[in-house]
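One structure is given here, and the rest of the page talks about it.
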2 protein chains.
Amino acid sequence: MASSPASARVPQEERTRAMRARLLEATVDCLVERGFAGTSTTLVSERAGVSRGAQLHHFPTKNALVVAAVEHLTEKRGAELAEAAATLPIGPSHTRAVLQVLGDHFASPVFAAALELWNAARTDPALLAAVAPLEQRVGRETHRLTVELLGIDESVPGNRELVQATLDLVRGLGLANTIGNDARRRGRILDRWAEVLEREIP
Amino acid sequence: MASSPASARVPQEERTRAMRARLLEATVDCLVERGFAGTSTTLVSERAGVSRGAQLHHFPTKNALVVAAVEHLTEKRGAELAEAAATLPIGPSHTRAVLQVLGDHFASPVFAAALELWNAARTDPALLAAVAPLEQRVGRETHRLTVELLGIDESVPGNRELVQATLDLVRGLGLANTIGNDARRRGRILDRWAEVLEREIP
């Protein structure tokens, strides 16, 4: 009663934001641990400690929840990726270090969560309609960051395709990693790919 | 009554083999169209026109059925891959032609079916125990065929990793293709990859 309407609104907005974040993070955890089929809105609200009513108010369907969750985590990880990139060494080991950051990114639980969503979208047209634009946006953003990190001039013919190949390679390595720890093999492949990139893009 | 026991057994064995093949192919179709979660043993027996009893006799669980189905299809597609490989052109376009065969292989419905199984295995330890050895065997076989097709000497340091990178690349391209037709982009990336391989492995 003592607080003004404006100051009362701020804590409420913060509480809402925190609750949404808890829901989204619980959703990603569920996707990683139980897969898309094993993820339910009931389970998520329990894990997040959020009432069913509040959850349904913010995310009326499972699809709305999982798309928002993967989007949320992608943004968070994108920021982490950019941050890791900012501390990379300059010099001959730079290319290899960039590949390590990308390889780690695609071997993280976020990739597993995104893969669950992607896989479910393949056979669910409504989910695909929501996932496809997100994937395009994420793809463009990751491409842009990779070009920047590798310091590549994309106006040179063939360079754009090398960046795309690099990202499809780490995506393939990420997939191989989902059913077993593949870090050693991945390390050797990225060593070799760094040599190639340095020769192709001096 | 006129036929001897031996000649009676042959048609029976053939009928059994044909029935198993129908079950396995119906399973793959279900995986591709409805995903792992949408695939049930009831649905498969209906599609294959096989009684529930006969189906359960051959494949007592859904996991047994899907693992056998992906194995069956992998063998069939492996044979197709080897056959396609046998007719490849000799000469400067050979590397690009090999990459096309591999890229098409990983963009086929078989890959989608395998991906469903792979993804489900990530969060199902019993399924993973069955899928992991199959994946290793398939992985080794695809690697061996790629080495042979590209005519690569793996005793040269770095060559093995380039073959692995090539297979992880086409796996990543296959994944990108699952939620949209990516053939044009894939073609340009494989053009560029062929240039790289020819320079790295003269």
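Going by the structure tokens order, chains are called A, B, ..., each with residues numbered from 1, while ligands are numbered from 1 in the order shown.
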
| query | If we count only C-alpha atoms, what is near Phe36 of chain A at a cut-off of 7 Å, once residues fewer than 4 positions away on the same chain are taken out, given as number ranges by chain? | reply | A: 31, 116-117, 120

Quick one: residues within 9 Å of segment 182-193 of chain A, only C-alpha atoms, excluding same-chain residues fewer than 6 positions away - as a compact mmCIF listing (two decimals) with N, CA, C and O atoms, in the first residue's frame?
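Wrote it out as part_29.txt, contents follow:
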```txt
# COMPACT_ATOMS: atom_id res chain seq x y z
N ARG A 96 42.26 -22.61 -35.43
CA ARG A 96 41.95 -23.81 -34.65
C ARG A 96 41.11 -23.48 -33.43
O ARG A 96 40.19 -24.24 -33.07
N LEU A 99 37.55 -22.97 -34.44
CA LEU A 99 36.89 -24.26 -34.70
C LEU A 99 36.55 -24.97 -33.38
O LEU A 99 35.51 -25.63 -33.28
N GLN A 100 37.42 -24.81 -32.39
CA GLN A 100 37.13 -25.43 -31.09
C GLN A 100 35.86 -24.84 -30.47
O GLN A 100 35.00 -25.58 -29.98
N GLY A 103 32.96 -26.16 -32.46
CA GLY A 103 32.77 -27.59 -32.20
C GLY A 103 32.15 -27.82 -30.82
O GLY A 103 31.22 -28.63 -30.68
N ASP A 104 32.64 -27.08 -29.82
CA ASP A 104 32.07 -27.21 -28.47
C ASP A 104 30.61 -26.78 -28.45
O ASP A 104 29.77 -27.38 -27.78
N ALA A 107 28.45 -29.41 -29.69
CA ALA A 107 28.49 -30.64 -28.90
C ALA A 107 27.83 -30.43 -27.54
O ALA A 107 27.86 -31.31 -26.69
N THR A 166 32.17 -25.45 -43.13
CA THR A 166 32.67 -25.51 -41.76
C THR A 166 31.51 -25.71 -40.78
O THR A 166 31.57 -26.53 -39.87
N VAL A 170 30.68 -28.99 -38.39
CA VAL A 170 30.50 -29.02 -36.93
C VAL A 170 29.10 -29.51 -36.56
O VAL A 170 28.91 -30.13 -35.51
N LEU A 173 29.45 -33.21 -36.72
CA LEU A 173 30.20 -33.66 -35.55
C LEU A 173 29.32 -33.60 -34.31
O LEU A 173 29.41 -34.49 -33.44
N GLY A 174 28.47 -32.60 -34.22
CA GLY A 174 27.54 -32.48 -33.10
C GLY A 174 26.59 -33.67 -33.06
O GLY A 174 26.33 -34.25 -32.01
N ALA A 176 27.13 -36.66 -34.35
CA ALA A 176 27.90 -37.86 -33.97
C ALA A 176 28.10 -37.91 -32.45
O ALA A 176 28.18 -38.98 -31.86
N GLY B 158 47.04 -37.33 -42.03
CA GLY B 158 46.03 -36.30 -42.33
C GLY B 158 44.94 -36.76 -43.27
O GLY B 158 43.87 -36.16 -43.32
N ASN B 159 45.21 -37.83 -44.03
CA ASN B 159 44.19 -38.27 -44.99
C ASN B 159 42.97 -38.89 -44.33
O ASN B 159 41.84 -38.66 -44.74
N ARG B 160 43.23 -39.68 -43.28
CA ARG B 160 42.11 -40.30 -42.58
C ARG B 160 41.13 -39.24 -42.05
O ARG B 160 39.92 -39.39 -42.16
N GLU B 161 41.70 -38.17 -41.49
CA GLU B 161 40.87 -37.11 -40.92
C GLU B 161 40.06 -36.38 -42.01
O GLU B 161 38.96 -35.90 -41.75
N LEU B 162 40.64 -36.30 -43.21
CA LEU B 162 39.88 -35.66 -44.30
C LEU B 162 38.69 -36.52 -44.72
O LEU B 162 37.62 -35.98 -45.06
N GLN B 164 37.11 -38.58 -42.68
CA GLN B 164 36.14 -38.41 -41.58
C GLN B 164 35.42 -37.08 -41.70
O GLN B 164 34.20 -37.01 -41.52
N ALA B 165 36.18 -36.02 -42.00
CA ALA B 165 35.56 -34.70 -42.14
C ALA B 165 34.53 -34.71 -43.26
O ALA B 165 33.45 -34.13 -43.14
```

Counting only C-alpha atoms, which residues in chain A sit no more than 6 Å from chain B? For each one, give the nearest pair of atoms and the distance in Å, sorted by chain then residue number, as a tab-separated table.
```
residue	atom	partner	partner_atom	distance
A:Arg34	CA	B:Thr123	CA	5.7
A:Arg122	CA	B:Ile179	CA	5.5
A:Thr123	CA	B:Arg34	CA	5.7
A:Glu161	CA	B:Ile189	CA	5.2
A:Asp168	CA	B:Gly172	CA	4.6
A:Leu169	CA	B:Leu169	CA	4.1
A:Arg171	CA	B:Gly172	CA	4.9
A:Gly172	CA	B:Gly172	CA	3.7
A:Leu173	CA	B:Asp168	CA	5.8
A:Ile179	CA	B:Arg122	CA	5.5
A:Ile189	CA	B:Glu161	CA	5.1
```

| request: Quick one: everything within 12 Å of Ser51 of chain B, counting only C-alpha atoms, minus sequence neighbours fewer than 5 positions away in the same chain. Send it as a ChimeraX atom specification. | output: /B:19-20,22-23,41-46,56-58

Kindly export the residues of the current selection with N, CA, C and O atoms, as a JSON list (two decimals), in the first residue's frame.
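And here is the file that came out, again-v5.json:
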```
[["chain", "number", "residue", "atom", "x", "y", "z"],
["B", 19, "MET", "N", 7.83, -61.93, -45.37],
["B", 19, "MET", "CA", 7.03, -61.30, -44.32],
["B", 19, "MET", "C", 7.90, -60.38, -43.45],
["B", 19, "MET", "O", 7.52, -59.26, -43.11],
["B", 20, "ARG", "N", 9.09, -60.88, -43.13],
["B", 20, "ARG", "CA", 10.01, -60.05, -42.34],
["B", 20, "ARG", "C", 10.37, -58.77, -43.10],
["B", 20, "ARG", "O", 10.41, -57.68, -42.53],
["B", 22, "ARG", "N", 8.58, -57.25, -45.34],
["B", 22, "ARG", "CA", 7.42, -56.34, -45.34],
["B", 22, "ARG", "C", 7.31, -55.60, -44.01],
["B", 22, "ARG", "O", 7.06, -54.40, -43.97],
["B", 23, "LEU", "N", 7.53, -56.32, -42.93],
["B", 23, "LEU", "CA", 7.48, -55.69, -41.60],
["B", 23, "LEU", "C", 8.56, -54.60, -41.46],
["B", 23, "LEU", "O", 8.29, -53.51, -40.97],
["B", 41, "THR", "N", 3.93, -50.84, -32.87],
["B", 41, "THR", "CA", 3.96, -52.18, -33.47],
["B", 41, "THR", "C", 2.61, -52.50, -34.13],
["B", 41, "THR", "O", 2.56, -53.17, -35.16],
["B", 42, "THR", "N", 1.51, -51.99, -33.57],
["B", 42, "THR", "CA", 0.18, -52.22, -34.15],
["B", 42, "THR", "C", 0.10, -51.60, -35.54],
["B", 42, "THR", "O", -0.36, -52.23, -36.50],
["B", 43, "LEU", "N", 0.54, -50.35, -35.63],
["B", 43, "LEU", "CA", 0.50, -49.63, -36.90],
["B", 43, "LEU", "C", 1.33, -50.37, -37.95],
["B", 43, "LEU", "O", 0.92, -50.52, -39.10],
["B", 44, "VAL", "N", 2.50, -50.84, -37.52],
["B", 44, "VAL", "CA", 3.39, -51.52, -38.46],
["B", 44, "VAL", "C", 2.76, -52.82, -38.95],
["B", 44, "VAL", "O", 2.78, -53.11, -40.16],
["B", 45, "SER", "N", 2.17, -53.60, -38.04],
["B", 45, "SER", "CA", 1.59, -54.88, -38.49],
["B", 45, "SER", "C", 0.42, -54.62, -39.45],
["B", 45, "SER", "O", 0.26, -55.34, -40.43],
["B", 46, "GLU", "N", -0.35, -53.56, -39.20],
["B", 46, "GLU", "CA", -1.43, -53.21, -40.14],
["B", 46, "GLU", "C", -0.89, -52.85, -41.51],
["B", 46, "GLU", "O", -1.36, -53.33, -42.53],
["B", 56, "LEU", "N", 4.87, -60.38, -33.48],
["B", 56, "LEU", "CA", 5.47, -60.50, -32.14],
["B", 56, "LEU", "C", 6.42, -61.69, -32.06],
["B", 56, "LEU", "O", 7.39, -61.67, -31.30],
["B", 57, "HIS", "N", 6.13, -62.73, -32.85],
["B", 57, "HIS", "CA", 7.02, -63.88, -32.88],
["B", 57, "HIS", "C", 8.41, -63.48, -33.41],
["B", 57, "HIS", "O", 9.44, -63.88, -32.87],
["B", 58, "HIS", "N", 8.42, -62.68, -34.44],
["B", 58, "HIS", "CA", 9.71, -62.28, -35.05],
["B", 58, "HIS", "C", 10.37, -61.11, -34.32],
["B", 58, "HIS", "O", 11.59, -61.07, -34.17]]
```

Who sits within 9 Å of Val66 of chain B, only C-alpha atoms, same chain under 2 positions skipped, as a PDB file with all heavy atoms, in the first residue's frame:
```
ATOM      1  N   LEU B  24       9.768 -54.930 -41.919  1.00  0.00           N
ATOM      2  CA  LEU B  24      10.873 -53.983 -41.747  1.00  0.00           C
ATOM      3  C   LEU B  24      10.658 -52.748 -42.612  1.00  0.00           C
ATOM      4  O   LEU B  24      10.910 -51.614 -42.183  1.00  0.00           O
ATOM      5  CB  LEU B  24      12.209 -54.675 -42.050  1.00  0.00           C
ATOM      6  CG  LEU B  24      12.537 -55.853 -41.117  1.00  0.00           C
ATOM      7  CD1 LEU B  24      13.837 -56.521 -41.529  1.00  0.00           C
ATOM      8  CD2 LEU B  24      12.608 -55.402 -39.658  1.00  0.00           C
ATOM      9  N   THR B  27       8.058 -50.555 -41.132  1.00  0.00           N
ATOM     10  CA  THR B  27       8.605 -49.845 -39.966  1.00  0.00           C
ATOM     11  C   THR B  27       9.372 -48.600 -40.395  1.00  0.00           C
ATOM     12  O   THR B  27       9.208 -47.519 -39.816  1.00  0.00           O
ATOM     13  CB  THR B  27       9.534 -50.774 -39.158  1.00  0.00           C
ATOM     14  OG1 THR B  27       8.831 -51.973 -38.849  1.00  0.00           O
ATOM     15  CG2 THR B  27      10.006 -50.117 -37.884  1.00  0.00           C
ATOM     16  N   VAL B  28      10.209 -48.757 -41.421  1.00  0.00           N
ATOM     17  CA  VAL B  28      10.967 -47.600 -41.912  1.00  0.00           C
ATOM     18  C   VAL B  28      10.009 -46.522 -42.420  1.00  0.00           C
ATOM     19  O   VAL B  28      10.169 -45.331 -42.100  1.00  0.00           O
ATOM     20  CB  VAL B  28      11.962 -48.027 -43.011  1.00  0.00           C
ATOM     21  CG1 VAL B  28      12.578 -46.806 -43.678  1.00  0.00           C
ATOM     22  CG2 VAL B  28      13.054 -48.903 -42.414  1.00  0.00           C
ATOM     23  N   LEU B  31       8.606 -44.724 -39.470  1.00  0.00           N
ATOM     24  CA  LEU B  31       9.603 -43.833 -38.853  1.00  0.00           C
ATOM     25  C   LEU B  31       9.743 -42.550 -39.659  1.00  0.00           C
ATOM     26  O   LEU B  31       9.785 -41.451 -39.100  1.00  0.00           O
ATOM     27  CB  LEU B  31      10.970 -44.529 -38.774  1.00  0.00           C
ATOM     28  CG  LEU B  31      11.159 -45.594 -37.699  1.00  0.00           C
ATOM     29  CD1 LEU B  31      12.501 -46.290 -37.884  1.00  0.00           C
ATOM     30  CD2 LEU B  31      11.090 -44.982 -36.297  1.00  0.00           C
ATOM     31  N   PHE B  36       9.715 -41.597 -34.482  1.00  0.00           N
ATOM     32  CA  PHE B  36       9.834 -42.721 -33.560  1.00  0.00           C
ATOM     33  C   PHE B  36       8.626 -42.787 -32.622  1.00  0.00           C
ATOM     34  O   PHE B  36       8.038 -43.853 -32.411  1.00  0.00           O
ATOM     35  CB  PHE B  36      11.120 -42.586 -32.733  1.00  0.00           C
ATOM     36  CG  PHE B  36      11.379 -43.761 -31.834  1.00  0.00           C
ATOM     37  CD1 PHE B  36      12.038 -44.883 -32.308  1.00  0.00           C
ATOM     38  CD2 PHE B  36      10.953 -43.752 -30.513  1.00  0.00           C
ATOM     39  CE1 PHE B  36      12.272 -45.982 -31.480  1.00  0.00           C
ATOM     40  CE2 PHE B  36      11.181 -44.841 -29.682  1.00  0.00           C
ATOM     41  CZ  PHE B  36      11.843 -45.955 -30.174  1.00  0.00           C
ATOM     42  N   THR B  39       5.488 -44.193 -34.161  1.00  0.00           N
ATOM     43  CA  THR B  39       5.574 -45.555 -34.695  1.00  0.00           C
ATOM     44  C   THR B  39       5.152 -46.550 -33.614  1.00  0.00           C
ATOM     45  O   THR B  39       5.700 -46.528 -32.517  1.00  0.00           O
ATOM     46  CB  THR B  39       7.017 -45.854 -35.149  1.00  0.00           C
ATOM     47  OG1 THR B  39       7.332 -44.970 -36.239  1.00  0.00           O
ATOM     48  CG2 THR B  39       7.177 -47.293 -35.621  1.00  0.00           C
ATOM     49  N   THR B  61       9.521 -56.761 -29.434  1.00  0.00           N
ATOM     50  CA  THR B  61       9.348 -55.399 -28.899  1.00  0.00           C
ATOM     51  C   THR B  61       9.484 -54.362 -30.009  1.00  0.00           C
ATOM     52  O   THR B  61      10.037 -54.640 -31.081  1.00  0.00           O
ATOM     53  CB  THR B  61      10.423 -55.079 -27.834  1.00  0.00           C
ATOM     54  OG1 THR B  61      11.707 -55.084 -28.489  1.00  0.00           O
ATOM     55  CG2 THR B  61      10.429 -56.091 -26.700  1.00  0.00           C
ATOM     56  N   LYS B  62       9.015 -53.171 -29.718  1.00  0.00           N
ATOM     57  CA  LYS B  62       9.162 -52.066 -30.669  1.00  0.00           C
ATOM     58  C   LYS B  62      10.644 -51.793 -30.934  1.00  0.00           C
ATOM     59  O   LYS B  62      11.054 -51.582 -32.078  1.00  0.00           O
ATOM     60  CB  LYS B  62       8.484 -50.801 -30.113  1.00  0.00           C
ATOM     61  CG  LYS B  62       8.714 -49.556 -30.960  1.00  0.00           C
ATOM     62  CD  LYS B  62       7.942 -48.343 -30.436  1.00  0.00           C
ATOM     63  CE  LYS B  62       8.412 -47.057 -31.105  1.00  0.00           C
ATOM     64  NZ  LYS B  62       7.691 -45.864 -30.632  1.00  0.00           N
ATOM     65  N   ASN B  63      11.454 -51.811 -29.863  1.00  0.00           N
ATOM     66  CA  ASN B  63      12.887 -51.562 -30.056  1.00  0.00           C
ATOM     67  C   ASN B  63      13.515 -52.591 -30.995  1.00  0.00           C
ATOM     68  O   ASN B  63      14.297 -52.242 -31.877  1.00  0.00           O
ATOM     69  CB  ASN B  63      13.618 -51.556 -28.707  1.00  0.00           C
ATOM     70  CG  ASN B  63      13.477 -50.223 -27.986  1.00  0.00           C
ATOM     71  OD1 ASN B  63      12.774 -49.328 -28.454  1.00  0.00           O
ATOM     72  ND2 ASN B  63      14.155 -50.084 -26.850  1.00  0.00           N
ATOM     73  N   ALA B  64      13.183 -53.876 -30.794  1.00  0.00           N
ATOM     74  CA  ALA B  64      13.737 -54.920 -31.660  1.00  0.00           C
ATOM     75  C   ALA B  64      13.346 -54.656 -33.108  1.00  0.00           C
ATOM     76  O   ALA B  64      14.168 -54.792 -34.036  1.00  0.00           O
ATOM     77  CB  ALA B  64      13.215 -56.295 -31.225  1.00  0.00           C
ATOM     78  N   ALA B  68      16.058 -53.556 -36.092  1.00  0.00           N
ATOM     79  CA  ALA B  68      16.164 -54.453 -37.244  1.00  0.00           C
ATOM     80  C   ALA B  68      15.799 -53.730 -38.535  1.00  0.00           C
ATOM     81  O   ALA B  68      16.409 -53.950 -39.583  1.00  0.00           O
ATOM     82  CB  ALA B  68      15.252 -55.669 -37.040  1.00  0.00           C
ATOM     83  N   ALA B  69      14.807 -52.833 -38.455  1.00  0.00           N
ATOM     84  CA  ALA B  69      14.363 -52.114 -39.654  1.00  0.00           C
ATOM     85  C   ALA B  69      15.453 -51.187 -40.172  1.00  0.00           C
ATOM     86  O   ALA B  69      15.733 -51.139 -41.370  1.00  0.00           O
ATOM     87  CB  ALA B  69      13.099 -51.322 -39.347  1.00  0.00           C
ATOM     88  N   VAL B  70      16.069 -50.453 -39.267  1.00  0.00           N
ATOM     89  CA  VAL B  70      17.105 -49.521 -39.722  1.00  0.00           C
ATOM     90  C   VAL B  70      18.318 -50.306 -40.220  1.00  0.00           C
ATOM     91  O   VAL B  70      18.940 -49.943 -41.221  1.00  0.00           O
ATOM     92  CB  VAL B  70      17.461 -48.501 -38.611  1.00  0.00           C
ATOM     93  CG1 VAL B  70      18.681 -47.681 -38.990  1.00  0.00           C
ATOM     94  CG2 VAL B  70      16.270 -47.578 -38.371  1.00  0.00           C
ATOM     95  N   GLU B  71      18.613 -51.432 -39.572  1.00  0.00           N
ATOM     96  CA  GLU B  71      19.713 -52.283 -40.034  1.00  0.00           C
ATOM     97  C   GLU B  71      19.431 -52.808 -41.451  1.00  0.00           C
ATOM     98  O   GLU B  71      20.285 -52.736 -42.346  1.00  0.00           O
ATOM     99  CB  GLU B  71      19.884 -53.452 -39.073  1.00  0.00           C
ATOM    100  CG  GLU B  71      21.082 -54.314 -39.392  1.00  0.00           C
ATOM    101  CD  GLU B  71      21.470 -55.207 -38.210  1.00  0.00           C
ATOM    102  OE1 GLU B  71      20.642 -55.362 -37.285  1.00  0.00           O
ATOM    103  OE2 GLU B  71      22.599 -55.720 -38.226  1.00  0.00           O
ATOM    104  N   LEU B 117      15.824 -42.975 -35.077  1.00  0.00           N
ATOM    105  CA  LEU B 117      16.306 -44.027 -34.185  1.00  0.00           C
ATOM    106  C   LEU B 117      17.427 -43.486 -33.295  1.00  0.00           C
ATOM    107  O   LEU B 117      17.456 -43.715 -32.081  1.00  0.00           O
ATOM    108  CB  LEU B 117      16.829 -45.178 -35.045  1.00  0.00           C
ATOM    109  CG  LEU B 117      17.224 -46.448 -34.323  1.00  0.00           C
ATOM    110  CD1 LEU B 117      16.037 -47.047 -33.603  1.00  0.00           C
ATOM    111  CD2 LEU B 117      17.785 -47.457 -35.328  1.00  0.00           C
TER     112      LEU B 117
END
```

| task | Write out as a list of chain:residue names the residues lying within 10 Å of Gly151 of chain B, counting only C-alpha atoms and excluding same-chain residues fewer than 6 positions away. | result | B:Thr95, B:Leu145, B:Ile201

| said: Could you go through segment 77-109 of chain A and tell me which residues DSSP, when run on the backbone, assigns to alpha helix (DSSP H), listing them as a ChimeraX atom specification? | reply: /A:77-86,94-106,109

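Reported to one decimal place, the separation of atom CA of Pro109 of chain B from atom CA of Ala84 of chain B is 16.9 Å.
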
| message | Restricting the calculation to only C-alpha atoms: of B:Gln12, B:Val67, B:Val101, B:Gln55, which residue gets closest to Pro133 of chain B? | response |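 Nearest to Pro133 of chain B: B:Val67.
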